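Asks: One file: my_file.cif (mmCIF, C-alpha atoms).
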data_work
#
loop_
_atom_site.group_PDB
_atom_site.id
_atom_site.type_symbol
_atom_site.label_atom_id
_atom_site.label_comp_id
_atom_site.auth_asym_id
_atom_site.auth_seq_id
_atom_site.Cartn_x
_atom_site.Cartn_y
_atom_site.Cartn_z
ATOM 1 C CA MET E 1 115.122 100.463 94.478
ATOM 2 C CA SER E 2 114.871 100.002 98.193
ATOM 3 C CA GLN E 3 114.905 96.619 99.863
ATOM 4 C CA GLN E 4 111.296 96.958 100.974
ATOM 5 C CA ALA E 5 110.165 97.709 97.435
ATOM 6 C CA ILE E 6 111.925 94.634 96.081
ATOM 7 C CA PHE E 7 110.352 92.449 98.768
ATOM 8 C CA VAL E 8 106.905 93.903 97.951
ATOM 9 C CA VAL E 9 107.432 93.154 94.258
ATOM 10 C CA ALA E 10 108.596 89.618 95.097
ATOM 11 C CA ALA E 11 105.531 89.066 97.300
ATOM 12 C CA ALA E 12 103.248 90.422 94.573
ATOM 13 C CA ILE E 13 104.770 88.117 91.957
ATOM 14 C CA PHE E 14 104.457 85.167 94.338
ATOM 15 C CA GLY E 15 100.835 86.063 95.120
ATOM 16 C CA ILE E 16 99.934 86.330 91.451
ATOM 17 C CA GLY E 17 101.524 82.935 90.918
ATOM 18 C CA VAL E 18 99.528 81.376 93.759
ATOM 19 C CA TYR E 19 96.311 82.798 92.354
ATOM 20 C CA GLY E 20 97.195 81.638 88.842
ATOM 21 C CA ALA E 21 98.098 78.119 89.954
ATOM 22 C CA LEU E 22 95.016 77.626 92.126
ATOM 23 C CA SER E 23 92.351 79.302 90.000
ATOM 24 C CA GLN E 24 93.077 77.842 86.566
ATOM 25 C CA GLN E 25 92.233 74.471 85.044
ATOM 26 C CA SER E 26 94.502 74.617 82.023
ATOM 27 C CA PHE E 27 97.798 72.777 82.410
ATOM 28 C CA VAL E 28 99.728 75.616 80.797
ATOM 29 C CA MET E 29 98.228 78.269 83.090
ATOM 30 C CA ILE E 30 98.960 76.147 86.165
ATOM 31 C CA MET E 31 102.575 75.796 85.063
ATOM 32 C CA MET E 32 102.812 79.546 84.465
ATOM 33 C CA GLY E 33 101.531 80.155 87.993
ATOM 34 C CA LEU E 34 104.129 77.802 89.416
ATOM 35 C CA GLU E 35 106.872 79.542 87.468
ATOM 36 C CA LEU E 36 105.738 82.918 88.813
ATOM 37 C CA MET E 37 105.838 81.540 92.346
ATOM 38 C CA LEU E 38 109.397 80.329 91.822
ATOM 39 C CA ASN E 39 110.413 83.684 90.321
ATOM 40 C CA GLY E 40 109.012 85.597 93.291
ATOM 41 C CA ALA E 41 110.823 83.363 95.758
ATOM 42 C CA MET E 42 114.025 83.621 93.752
ATOM 43 C CA LEU E 43 113.818 87.434 93.663
ATOM 44 C CA ALA E 44 113.392 87.584 97.433
ATOM 45 C CA ALA E 45 116.253 85.130 97.949
ATOM 46 C CA ALA E 46 118.533 87.143 95.659
ATOM 47 C CA MET E 47 117.730 90.275 97.640
ATOM 48 C CA VAL E 48 118.542 88.536 100.936
ATOM 49 C CA TRP E 49 121.817 87.222 99.518
ATOM 50 C CA ALA E 50 122.719 90.683 98.232
ATOM 51 C CA MET E 51 122.104 92.142 101.696
ATOM 52 C CA VAL E 52 124.038 89.419 103.526
ATOM 53 C CA ALA E 53 126.950 88.979 101.127
ATOM 54 C CA GLY E 54 127.646 92.690 100.725
ATOM 55 C CA GLY E 55 127.858 92.696 96.950
ATOM 56 C CA THR E 56 129.833 89.523 96.293
ATOM 57 C CA PRO E 57 128.402 87.526 93.384
ATOM 58 C CA LYS E 58 127.788 84.285 95.303
ATOM 59 C CA GLY E 59 124.021 84.694 95.560
ATOM 60 C CA GLN E 60 123.656 86.010 92.046
ATOM 61 C CA LEU E 61 125.450 82.980 90.663
ATOM 62 C CA LEU E 62 123.051 80.684 92.510
ATOM 63 C CA VAL E 63 120.123 82.624 91.046
ATOM 64 C CA VAL E 64 121.507 82.072 87.538
ATOM 65 C CA VAL E 65 121.826 78.340 88.257
ATOM 66 C CA LEU E 66 118.247 78.260 89.593
ATOM 67 C CA MET E 67 116.974 80.047 86.491
ATOM 68 C CA THR E 68 118.649 77.402 84.345
ATOM 69 C CA VAL E 69 117.045 74.639 86.387
ATOM 70 C CA MET E 70 113.666 76.370 86.051
ATOM 71 C CA ALA E 71 114.059 76.534 82.271
ATOM 72 C CA VAL E 72 114.776 72.800 82.114
ATOM 73 C CA GLU E 73 111.828 72.101 84.434
ATOM 74 C CA ALA E 74 109.518 74.184 82.248
ATOM 75 C CA ALA E 75 110.664 72.373 79.105
ATOM 76 C CA LEU E 76 110.038 68.979 80.727
ATOM 77 C CA GLY E 77 106.656 70.115 81.992
ATOM 78 C CA PHE E 78 105.566 71.322 78.573
ATOM 79 C CA ALA E 79 106.783 68.062 77.042
ATOM 80 C CA LEU E 80 104.634 66.122 79.519
ATOM 81 C CA VAL E 81 101.617 68.320 78.798
ATOM 82 C CA THR E 82 102.125 67.829 75.061
ATOM 83 C CA GLY E 83 102.377 64.064 75.546
ATOM 84 C CA ILE E 84 99.201 63.954 77.627
ATOM 85 C CA TYR E 85 97.367 66.053 75.054
ATOM 86 C CA ARG E 86 98.452 63.812 72.179
ATOM 87 C CA VAL E 87 97.375 60.628 73.951
ATOM 88 C CA ARG E 88 94.265 61.741 75.840
ATOM 89 C CA LYS E 89 93.203 64.944 74.029
ATOM 90 C CA ALA E 90 92.954 66.506 77.496
ATOM 91 C CA ASP E 91 93.942 70.148 77.800
ATOM 92 C CA ILE E 92 92.380 70.908 81.175
ATOM 93 C CA THR E 93 92.599 69.084 84.473
ATOM 94 C CA GLU E 94 88.888 68.177 84.551
ATOM 95 C CA LYS E 95 89.200 66.024 81.424
ATOM 96 C CA LEU E 96 92.000 63.980 82.913
ATOM 97 C CA LYS E 97 90.461 61.486 85.335
ATOM 98 C CA ARG E 98 93.473 59.262 85.879
ATOM 99 C CA LEU E 99 96.988 59.027 84.566
ATOM 100 C CA LYS E 100 97.227 55.231 84.374
ATOM 101 C CA GLY E 101 95.970 53.150 81.485
#
Could you write out this structure as structure tokens?

Replies:
Amino acid sequence: MSQQAIFVVAAAIFGIGVYGALSQQSFVMIMMGLELMLNGAMLAAAMVWAMVAGGTPKGQLLVVVLMTVMAVEAALGFALVTGIYRVRKADITEKLKRLKG
């Protein structure tokens, strides 16, 4: 694929993530939108690193580390959503008025 095509795909993934995060009320759908935004940014960053580094695996290694961090972040986010649902029975943002007490 050409560099322009990869940047277009990264922008499309990021745009879909923005739409998903801003248009949904469900906690899970908001988190999925945020993950798509991070994936689009990471794809664009990996492409820039591949262009600048000339094929050395420095940028790709950072992308693997970022993917690991994103997996941990997603697991913590889903644990928080599960905890909120168990305590408050709230599965959308409108039902959750405040987080304290």

Asks: Between E:Val28, E:Val52, E:Leu61, E:Ala41, single out the one closest to E:Gly77, counting all atoms listed in the file.

Replies: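 Between E:Val28, E:Val52, E:Leu61, E:Ala41, the residue approaching E:Gly77 most closely is E:Val28.
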
Asks: Using all atoms listed in the file, which protein or nucleic acid residues come within 12 Å of E:Leu38? Drop anything in the same chain fewer than 2 positions from it, and give the result as a PyMOL selection string.

Replies: chain E and resi 10-11+13-18+21+31-36+40-45+63+66-67+69-71+73-74

Asks: One decimal, in Å: what's the spacing between atom CA of E:Val65 and atom CA of E:Met51?

Replies: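 Separating atom CA of E:Val65 from atom CA of E:Met51 is a distance of 19.3 Å.
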
Asks: Could you check the closest approach to E:Val64 for each of E:Gly83, E:Asn39, E:Val48, E:Met29 and tell me which residue wins, using all atoms listed in the file?

Replies: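 Looking at the shortest contact to E:Val64, the residue is E:Asn39.
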
Asks: Have a look at atom CA of E:Thr68 and atom CA of E:Leu80 and let me know their distance in Å, one decimal.

Replies: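 Going from atom CA of E:Thr68 over to atom CA of E:Leu80, I get 18.6 Å.
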
Asks: Please measure the separation of atom CA of E:Ala75 and atom CA of E:Gln25, giving the value in Å to one decimal.

Replies: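 So the two atoms, atom CA of E:Ala75 and atom CA of E:Gln25, lie 19.5 Å apart.
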
Asks: When distances are computed from all atoms listed in the file, which of E:Ala5, E:Ile30, E:Ala79, E:Val72 shows the smallest separation from E:Met47?

Replies: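 Of the candidates, the smallest distance to E:Met47 is held by E:Ala5.
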
Asks: Measuring atom to atom with all atoms listed in the file, identify which of E:Val8, E:Ile84, E:Met37, E:Ala50 is nearest to E:Leu62.

Replies: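 Result for the nearest residue to E:Leu62: E:Ala50.
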
Asks: Using the file's own x, y and z axes, what box holds all listed atoms of stretch 6-23 of chain E with 8 Å on each side, keeping edges along x, y and z, and what are its centre and edge lengths in Å to one decimal, as AutoDock Vina command-line options?

Replies:
--center_x 102.1 --center_y 86.1 --center_z 93.8 --size_x 35.6 --size_y 33.0 --size_z 25.9
